[in-house]
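Everything on this sheet refers to the single structure shown next.
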Amino acid sequence: MHSAALRRLSLRGLALFYLLAVLIGPVAIVVWRTFDNGIGHVWSTLTDPAVVHAFVLTVEIAAIAVPINTVFGIAVGLAIVRRDFPLKGLLNAFIDLPLALSPVVVGLSLFLLYGRGGWLGDWFARHGVQILFALPAMVLATIFVSLPFVAREVIPTLREIGDEQEQAARTLGATGWQTFWRITLPSIRWAVIYGVVLTTARCLGEYGAVAIVSGRIEGQTQTATLAVEDRYDNFDLPGAYSISMVLAVMAILVLTAMIVLKPKEAER
Amino acid sequence: MLPIAAVVWQSRAGGVSTFWSVVSDAEAVSALELSIVSALAVAGINAVAGTVIAWVLVRDDFRGRSLVNAIIDLPFALPTIVAGLTLIALYGPRSPVGIDVTGTRTAVALALLFVTLPFVVRAVQPVLLELDTEMEEAARSLGAGEGTVFRRIVLPNILPGILSGVALAFARAVGEIGALVLISGNLPFKTQVASVFIFLHIQSGDRAGASAVAVVLLAISFAVLLVVGAIRHFATRYERA
């Protein structure tokens, strides 16, 4: 018994020490460091028009990307679970690609496609539409990297609930739309919301892909994460910490939402 | 959503012709090597640390356990650039614990450990939760030591979880940029990883070099997805049998 207790305690100690060194320690220190140079610097950084613009732009991009990915995620989830079509397995595997792929590669793909000499780049240039180094490319990059989250949450839930209720609704004369709005969507709503939370977190925090396609022009195409890097590169460490703090607070809100939503999903 | 296919294809097409000459360039090789080796090391550390953390979260009980459980997901929620900055705050030039790793390969590994932390934990935890302790008790009552119980009973059950978590952590680590771009210093031949190589070569207009390395990363991602799919397939078939 004695050795079992000892083993348990040492495992617990090991796990907690690892978490402290890798995760909890750094995050705790950054809070302290932010206010090292006084609240004044934090305030002046966060009210700087360029930084405000960066945050507004980040939220704008997320506001476009999240709804698109939500609709896409539900549609793909339904297609994979409820329908049968050729190459379904391929689509199922392909959905996960953004999770396994470097965001830099995503950025490069968009850069090549929409840049000078790219398949679509020249066509858009002839029609006077700026894609690269502007909002469209940044939105596209963000959509790409946050693509799988809604579908990944919706698919297992759809499998679990089965299609008996949907069939019953159809037998009773409901149209496809009615069935979707009254039966399917309400029963997967927690999975959808959870997926939306994950998507939002990813959209707000995207760095690698956006860094490539945005051109990183301060006050124009600089997002919040790019502003952090910019401040750091210009030796304004307290400024970088200040912007990071706001992003970290957003992350903690997301985390809280995840915790609140998770049990509800398990309950059903 | 079809452009995605075209996008992926385009990035391949861009690099195929000059692929070999560029990808065998010393700087590219060094960056790829660093990415792959450190991702392997980080995946290995995660296999052990992630399993221990999952075990402690499921089988142990202490004050604050649910808080620790909640914090595990933080690397998924926190922007990676912020993750890198937090590491600088603790392990940077003004470190309160006197450890400065900026510009070293240790920094690369630390950043990767931070962002890949949840993968193995979250893959193993649900399996451990569902695992009946009866089997373990039976083994114990038949005289098996703790080591034997873990090796013969627990490990075979959680192995698919560990492996798929490790594979995803590896994929994430190979392509990571945000968390390590600030702390690693991005020194060619020393701390410049593949994704930073791509990034810097796009900036300097070297599309061929960037594309060639990107294709390698793309191939790795596809391979990992295949492996994860195979693990899942095998694990569910094993269950059914």
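Starting from 1 in every chain, residues are counted up; chains themselves are A, B, ... following the order of the structure tokens, and ligands are numbered from 1 as listed.
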
Which segment 154-206 of chain B residues have any atom within 7 Å of an atom of segment 221-230 of chain B, and for each, what is the nearest pair of atoms with distance in Å to one decimal, counting only C-alpha atoms, rows sorted by chain and number, as CSV?
residue,atom,partner,partner_atom,distance
B:Ser164,CA,B:Val228,CA,5.4
B:Ala167,CA,B:Val224,CA,6.1
B:Ala171,CA,B:Ser221,CA,6.0

Go ahead and save the residues from that selection, with N, CA and C atoms, as a CSV table (one decimal), in the first residue's frame.
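The resulting file, again.csv, is reproduced below:
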chain,number,residue,atom,x,y,z
B,164,SER,N,-2.1,7.8,-32.0
B,164,SER,CA,-2.8,8.8,-32.8
B,164,SER,C,-2.5,10.2,-32.3
B,167,ALA,N,1.0,11.0,-33.4
B,167,ALA,CA,1.1,11.3,-34.8
B,167,ALA,C,0.6,12.8,-35.1
B,171,ALA,N,2.8,16.0,-36.5
B,171,ALA,CA,2.4,16.8,-37.6
B,171,ALA,C,2.3,18.3,-37.2

Closest-contact table, chain B side, partner chain A, 8 Å, counting only C-alpha atoms, as CSV:
residue,atom,partner,partner_atom,distance
B:Ile4,CA,A:Phe144,CA,7.8
B:Val7,CA,A:Ser109,CA,5.3
B:Val8,CA,A:Ser109,CA,6.2
B:Gln10,CA,A:Leu113,CA,6.5
B:Ser11,CA,A:Ser109,CA,5.0
B:Gly14,CA,A:Leu112,CA,7.8
B:Ala49,CA,A:Ala15,CA,6.9
B:Val52,CA,A:Ala15,CA,6.2
B:Ile53,CA,A:Ala15,CA,5.0
B:Val56,CA,A:Arg12,CA,5.8
B:Asp60,CA,A:Arg8,CA,7.2
B:Ala70,CA,A:Ile259,CA,6.9
B:Asp73,CA,A:Leu255,CA,7.1
B:Leu74,CA,A:Leu255,CA,6.7
B:Phe76,CA,A:Arg202,CA,7.9
B:Ala77,CA,A:Ala251,CA,5.0
B:Leu78,CA,A:Ala251,CA,5.1
B:Pro79,CA,A:Gly205,CA,4.0
B:Thr80,CA,A:Gly205,CA,6.8
B:Ile81,CA,A:Thr225,CA,6.4
B:Val82,CA,A:Ser244,CA,5.5
B:Ala83,CA,A:Val27,CA,7.8
B:Leu85,CA,A:Tyr241,CA,7.4
B:Thr86,CA,A:Pro26,CA,4.8
B:Leu87,CA,A:Pro26,CA,5.2
B:Ile88,CA,A:Pro26,CA,7.8
B:Ala89,CA,A:Val30,CA,5.7
B:Leu90,CA,A:Pro26,CA,5.2
B:Tyr91,CA,A:Pro26,CA,8.0
B:Leu110,CA,A:Val22,CA,7.1
B:Leu113,CA,A:Val22,CA,7.0
B:Phe114,CA,A:Val22,CA,5.7
B:Leu168,CA,A:Ala100,CA,6.7
B:Ala171,CA,A:Ala100,CA,5.1
B:Arg172,CA,A:Ala100,CA,5.9
B:Val174,CA,A:Ser102,CA,7.4
B:Gly175,CA,A:Ser102,CA,3.9
B:Glu176,CA,A:Ser102,CA,6.1
B:Ile177,CA,A:Gly208,CA,6.1
B:Gly178,CA,A:Tyr207,CA,5.9
B:Leu182,CA,A:Glu229,CA,7.4
B:Ser195,CA,A:Val104,CA,6.0
B:Ile198,CA,A:Val104,CA,7.1
B:Phe199,CA,A:Val104,CA,6.6
B:Ile202,CA,A:Leu108,CA,7.7
B:Ala210,CA,A:Leu108,CA,7.8
B:Ser211,CA,A:Leu108,CA,7.5
B:Ala214,CA,A:Val105,CA,5.6
B:Leu217,CA,A:Ser102,CA,7.2
B:Leu218,CA,A:Leu101,CA,6.5
B:Ser221,CA,A:Ala100,CA,5.2
B:Phe222,CA,A:Leu97,CA,7.4
B:Val224,CA,A:Ala100,CA,7.4
B:Leu225,CA,A:Ala93,CA,7.1
B:Gly229,CA,A:Ala93,CA,7.7

Nearby residues (only C-alpha atoms) at most 12 Å from Val149 of chain B, same-chain spacing under 3 positions excluded, as a VMD selection string: chain B and resid 133 to 146 152 to 157

Could you turn the residues from that selection into a file that holds N, CA and C atoms, as a PDB file, in the first residue's frame?
ATOM      1  N   THR B 133     -11.565  -0.942 -14.418  1.00  0.00           N
ATOM      2  CA  THR B 133     -10.437  -1.304 -13.558  1.00  0.00           C
ATOM      3  C   THR B 133     -10.496  -2.771 -13.144  1.00  0.00           C
ATOM      4  N   GLU B 134     -11.620  -3.441 -13.472  1.00  0.00           N
ATOM      5  CA  GLU B 134     -11.761  -4.852 -13.079  1.00  0.00           C
ATOM      6  C   GLU B 134     -10.643  -5.734 -13.630  1.00  0.00           C
ATOM      7  N   MET B 135     -10.315  -5.488 -14.916  1.00  0.00           N
ATOM      8  CA  MET B 135      -9.259  -6.280 -15.541  1.00  0.00           C
ATOM      9  C   MET B 135      -7.960  -6.139 -14.776  1.00  0.00           C
ATOM     10  N   GLU B 136      -7.652  -4.868 -14.415  1.00  0.00           N
ATOM     11  CA  GLU B 136      -6.407  -4.616 -13.691  1.00  0.00           C
ATOM     12  C   GLU B 136      -6.430  -5.307 -12.334  1.00  0.00           C
ATOM     13  N   GLU B 137      -7.600  -5.226 -11.641  1.00  0.00           N
ATOM     14  CA  GLU B 137      -7.701  -5.861 -10.333  1.00  0.00           C
ATOM     15  C   GLU B 137      -7.548  -7.372 -10.438  1.00  0.00           C
ATOM     16  N   ALA B 138      -8.141  -7.947 -11.475  1.00  0.00           N
ATOM     17  CA  ALA B 138      -8.008  -9.386 -11.699  1.00  0.00           C
ATOM     18  C   ALA B 138      -6.544  -9.764 -11.868  1.00  0.00           C
ATOM     19  N   ALA B 139      -5.837  -8.970 -12.682  1.00  0.00           N
ATOM     20  CA  ALA B 139      -4.421  -9.253 -12.914  1.00  0.00           C
ATOM     21  C   ALA B 139      -3.643  -9.165 -11.617  1.00  0.00           C
ATOM     22  N   ARG B 140      -3.966  -8.121 -10.824  1.00  0.00           N
ATOM     23  CA  ARG B 140      -3.272  -7.923  -9.557  1.00  0.00           C
ATOM     24  C   ARG B 140      -3.534  -9.089  -8.604  1.00  0.00           C
ATOM     25  N   SER B 141      -4.803  -9.522  -8.558  1.00  0.00           N
ATOM     26  CA  SER B 141      -5.134 -10.603  -7.627  1.00  0.00           C
ATOM     27  C   SER B 141      -4.484 -11.907  -8.066  1.00  0.00           C
ATOM     28  N   LEU B 142      -4.129 -11.998  -9.351  1.00  0.00           N
ATOM     29  CA  LEU B 142      -3.430 -13.197  -9.824  1.00  0.00           C
ATOM     30  C   LEU B 142      -1.927 -13.066  -9.632  1.00  0.00           C
ATOM     31  N   GLY B 143      -1.517 -11.968  -8.973  1.00  0.00           N
ATOM     32  CA  GLY B 143      -0.110 -11.840  -8.607  1.00  0.00           C
ATOM     33  C   GLY B 143       0.741 -10.990  -9.526  1.00  0.00           C
ATOM     34  N   ALA B 144       0.119 -10.274 -10.455  1.00  0.00           N
ATOM     35  CA  ALA B 144       0.904  -9.436 -11.356  1.00  0.00           C
ATOM     36  C   ALA B 144       1.358  -8.173 -10.637  1.00  0.00           C
ATOM     37  N   GLY B 145       2.610  -7.777 -10.871  1.00  0.00           N
ATOM     38  CA  GLY B 145       3.110  -6.539 -10.295  1.00  0.00           C
ATOM     39  C   GLY B 145       2.558  -5.337 -11.065  1.00  0.00           C
ATOM     40  N   GLU B 146       2.767  -4.126 -10.508  1.00  0.00           N
ATOM     41  CA  GLU B 146       2.238  -2.933 -11.162  1.00  0.00           C
ATOM     42  C   GLU B 146       2.778  -2.755 -12.581  1.00  0.00           C
ATOM     43  N   ARG B 152       0.791  -5.133 -19.637  1.00  0.00           N
ATOM     44  CA  ARG B 152      -0.033  -6.168 -20.254  1.00  0.00           C
ATOM     45  C   ARG B 152      -1.508  -5.782 -20.365  1.00  0.00           C
ATOM     46  N   ILE B 153      -1.985  -4.933 -19.454  1.00  0.00           N
ATOM     47  CA  ILE B 153      -3.417  -4.611 -19.448  1.00  0.00           C
ATOM     48  C   ILE B 153      -3.686  -3.185 -19.939  1.00  0.00           C
ATOM     49  N   VAL B 154      -3.066  -2.210 -19.282  1.00  0.00           N
ATOM     50  CA  VAL B 154      -3.391  -0.816 -19.583  1.00  0.00           C
ATOM     51  C   VAL B 154      -2.840  -0.395 -20.935  1.00  0.00           C
ATOM     52  N   LEU B 155      -1.542  -0.628 -21.138  1.00  0.00           N
ATOM     53  CA  LEU B 155      -0.889  -0.135 -22.350  1.00  0.00           C
ATOM     54  C   LEU B 155      -1.549  -0.608 -23.650  1.00  0.00           C
ATOM     55  N   PRO B 156      -1.869  -1.922 -23.775  1.00  0.00           N
ATOM     56  CA  PRO B 156      -2.507  -2.346 -25.034  1.00  0.00           C
ATOM     57  C   PRO B 156      -3.812  -1.606 -25.313  1.00  0.00           C
ATOM     58  N   ASN B 157      -4.521  -1.227 -24.232  1.00  0.00           N
ATOM     59  CA  ASN B 157      -5.787  -0.521 -24.420  1.00  0.00           C
ATOM     60  C   ASN B 157      -5.607   0.926 -24.844  1.00  0.00           C
TER      61      ASN B 157
END

Return as JSON, numbers by chain the full set of residues in segment 8-254 of chain A whose backbone-based DSSP assignment is helix (DSSP H, G or I). {"A": [8, 9, 10, 11, 12, 13, 14, 15, 16, 17, 18, 19, 20, 21, 22, 23, 24, 25, 26, 27, 28, 29, 30, 31, 32, 33, 34, 39, 40, 41, 42, 43, 44, 45, 46, 47, 49, 50, 51, 52, 53, 54, 55, 56, 57, 58, 59, 60, 61, 62, 63, 64, 65, 66, 67, 68, 69, 70, 71, 72, 73, 74, 75, 76, 77, 78, 79, 80, 81, 82, 88, 89, 90, 91, 92, 93, 94, 95, 97, 98, 99, 100, 103, 104, 105, 106, 107, 108, 109, 110, 111, 112, 113, 114, 121, 122, 123, 124, 125, 126, 135, 136, 137, 138, 139, 140, 141, 142, 143, 144, 145, 148, 149, 150, 151, 152, 153, 154, 155, 156, 157, 158, 159, 160, 161, 164, 165, 166, 167, 168, 169, 170, 171, 176, 177, 178, 179, 180, 181, 182, 183, 184, 185, 186, 187, 188, 189, 190, 191, 192, 193, 194, 195, 196, 197, 198, 199, 200, 201, 202, 203, 204, 205, 208, 209, 210, 211, 212, 213, 214, 224, 225, 226, 227, 228, 229, 230, 231, 232, 233, 237, 238, 239, 240, 241, 242, 243, 244, 245, 246, 247, 248, 249, 250, 251, 252, 253, 254]}

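Taking atom CA of Thr179 of chain A and atom CA of Glu166 of chain A as endpoints, the distance between them is 6.2 Å.
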
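The two atoms in question, atom CA of Pro49 of chain A and atom CA of Asp230 of chain A, are spaced 14.6 Å apart.
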
Looking at only C-alpha atoms, which of B:Val37, B:Val68, B:Ile99, B:Val193 is the one that sits closest to Ala54 of chain B?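 Comparing B:Val37, B:Val68, B:Ile99, B:Val193 against Ala54 of chain B, the winner is B:Val68.
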
Extract, using only C-alpha atoms, all DNA, RNA and protein residues at most 12 Å from Val76 of chain A, discarding same-chain residues fewer than 2 positions from it, and format them as number ranges by chain. A: 69-74, 78-84, 88, 91-96, 147-155, 158; B: 1

Expected file: the selected residues, N, CA and C atoms, as a short mmCIF file (atom, residue, chain, number, x, y, z; two decimals), in the first residue's frame:
data_model
loop_
_atom_site.label_atom_id
_atom_site.label_comp_id
_atom_site.auth_asym_id
_atom_site.auth_seq_id
_atom_site.Cartn_x
_atom_site.Cartn_y
_atom_site.Cartn_z
N ASN A 69 -17.34 28.88 -42.22
CA ASN A 69 -16.90 27.56 -41.79
C ASN A 69 -17.99 26.79 -41.04
N THR A 70 -18.88 27.52 -40.38
CA THR A 70 -19.97 26.86 -39.68
C THR A 70 -20.92 26.19 -40.67
N VAL A 71 -21.33 26.96 -41.69
CA VAL A 71 -22.22 26.41 -42.71
C VAL A 71 -21.53 25.25 -43.44
N PHE A 72 -20.27 25.49 -43.82
CA PHE A 72 -19.52 24.46 -44.51
C PHE A 72 -19.37 23.20 -43.65
N GLY A 73 -19.06 23.41 -42.37
CA GLY A 73 -18.84 22.27 -41.47
C GLY A 73 -20.09 21.42 -41.31
N ILE A 74 -21.26 22.09 -41.17
CA ILE A 74 -22.51 21.34 -41.03
C ILE A 74 -22.81 20.59 -42.33
N LEU A 78 -23.02 16.59 -42.66
CA LEU A 78 -24.22 15.90 -43.15
C LEU A 78 -23.89 15.03 -44.35
N ALA A 79 -23.07 15.58 -45.27
CA ALA A 79 -22.73 14.82 -46.47
C ALA A 79 -21.99 13.54 -46.11
N ILE A 80 -21.05 13.65 -45.17
CA ILE A 80 -20.24 12.48 -44.85
C ILE A 80 -21.05 11.43 -44.09
N VAL A 81 -21.92 11.87 -43.19
CA VAL A 81 -22.64 10.90 -42.36
C VAL A 81 -23.90 10.39 -43.06
N ARG A 82 -24.65 11.29 -43.70
CA ARG A 82 -25.98 10.92 -44.20
C ARG A 82 -26.02 10.51 -45.67
N ARG A 83 -25.03 10.93 -46.43
CA ARG A 83 -25.08 10.64 -47.86
C ARG A 83 -23.98 9.66 -48.23
N ASP A 84 -24.16 9.09 -49.40
CA ASP A 84 -23.13 8.21 -49.93
C ASP A 84 -22.75 8.72 -51.31
N LYS A 88 -16.01 9.57 -50.96
CA LYS A 88 -16.40 10.08 -49.65
C LYS A 88 -15.26 9.92 -48.64
N LEU A 91 -12.79 12.67 -49.05
CA LEU A 91 -13.25 13.93 -48.47
C LEU A 91 -13.08 13.90 -46.96
N ASN A 92 -13.45 12.77 -46.36
CA ASN A 92 -13.36 12.61 -44.91
C ASN A 92 -11.92 12.81 -44.43
N ALA A 93 -10.97 12.26 -45.17
CA ALA A 93 -9.57 12.39 -44.80
C ALA A 93 -9.07 13.81 -45.09
N PHE A 94 -9.56 14.37 -46.19
CA PHE A 94 -9.08 15.67 -46.65
C PHE A 94 -9.48 16.79 -45.70
N ILE A 95 -10.64 16.60 -45.06
CA ILE A 95 -11.14 17.60 -44.11
C ILE A 95 -10.12 17.88 -43.01
N ASP A 96 -9.40 16.83 -42.60
CA ASP A 96 -8.45 16.98 -41.50
C ASP A 96 -7.14 17.62 -41.92
N LEU A 147 -10.84 25.32 -40.97
CA LEU A 147 -11.88 24.58 -41.69
C LEU A 147 -12.46 23.37 -40.94
N PRO A 148 -11.63 22.51 -40.32
CA PRO A 148 -12.18 21.23 -39.87
C PRO A 148 -12.99 21.26 -38.58
N PHE A 149 -12.88 22.33 -37.79
CA PHE A 149 -13.36 22.24 -36.41
C PHE A 149 -14.84 21.94 -36.27
N VAL A 150 -15.70 22.65 -37.04
CA VAL A 150 -17.13 22.39 -36.92
C VAL A 150 -17.46 20.98 -37.43
N ALA A 151 -16.94 20.63 -38.60
CA ALA A 151 -17.22 19.31 -39.16
C ALA A 151 -16.79 18.20 -38.20
N ARG A 152 -15.60 18.36 -37.61
CA ARG A 152 -15.06 17.35 -36.68
C ARG A 152 -15.97 17.14 -35.47
N GLU A 153 -16.62 18.21 -35.00
CA GLU A 153 -17.51 18.08 -33.84
C GLU A 153 -18.87 17.52 -34.26
N VAL A 154 -19.32 17.92 -35.46
CA VAL A 154 -20.67 17.56 -35.90
C VAL A 154 -20.75 16.08 -36.31
N ILE A 155 -19.69 15.58 -36.94
CA ILE A 155 -19.73 14.22 -37.50
C ILE A 155 -20.04 13.14 -36.45
N LEU A 158 -23.69 13.47 -35.24
CA LEU A 158 -24.66 13.01 -36.25
C LEU A 158 -24.73 11.49 -36.28
N MET B 1 -15.60 25.85 -51.76
CA MET B 1 -14.46 25.25 -51.06
C MET B 1 -13.55 24.46 -51.99
#

Closest to Tyr194 of chain A among A:Ala168, A:Ile217, A:Ala227, A:Leu261, using only C-alpha atoms?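 Using only C-alpha atoms, the shortest distance to Tyr194 of chain A belongs to A:Leu261.
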
Å distance separating atom CA of Pro67 of chain A from atom CA of Pro75 of chain B, one decimal place: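 That distance, rounded to one decimal, is 23.4 Å.
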
So which residues touch segment 116-120 of chain B within 7 Å, counting only C-alpha atoms, skipping near sequence neighbours fewer than 4 positions away, as a VMD selection string? chain B and resid 46 to 47 50 to 51 72 to 73 112 124 162 165 to 166 168 to 169 172 to 173

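Among the candidates B:Arg207, B:Gly84, B:Leu129, B:Leu187, the residue lying nearest to Gly117 of chain A is B:Arg207 (atoms considered: only C-alpha atoms).
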
Check the smallest atom-to-atom distance from each of B:Val97, B:Ile231, B:Val127, B:Ala109 to Ile45 of chain B using only C-alpha atoms, then report the winner.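 When distances to Ile45 of chain B are compared using only C-alpha atoms, the smallest one comes from B:Ala109.
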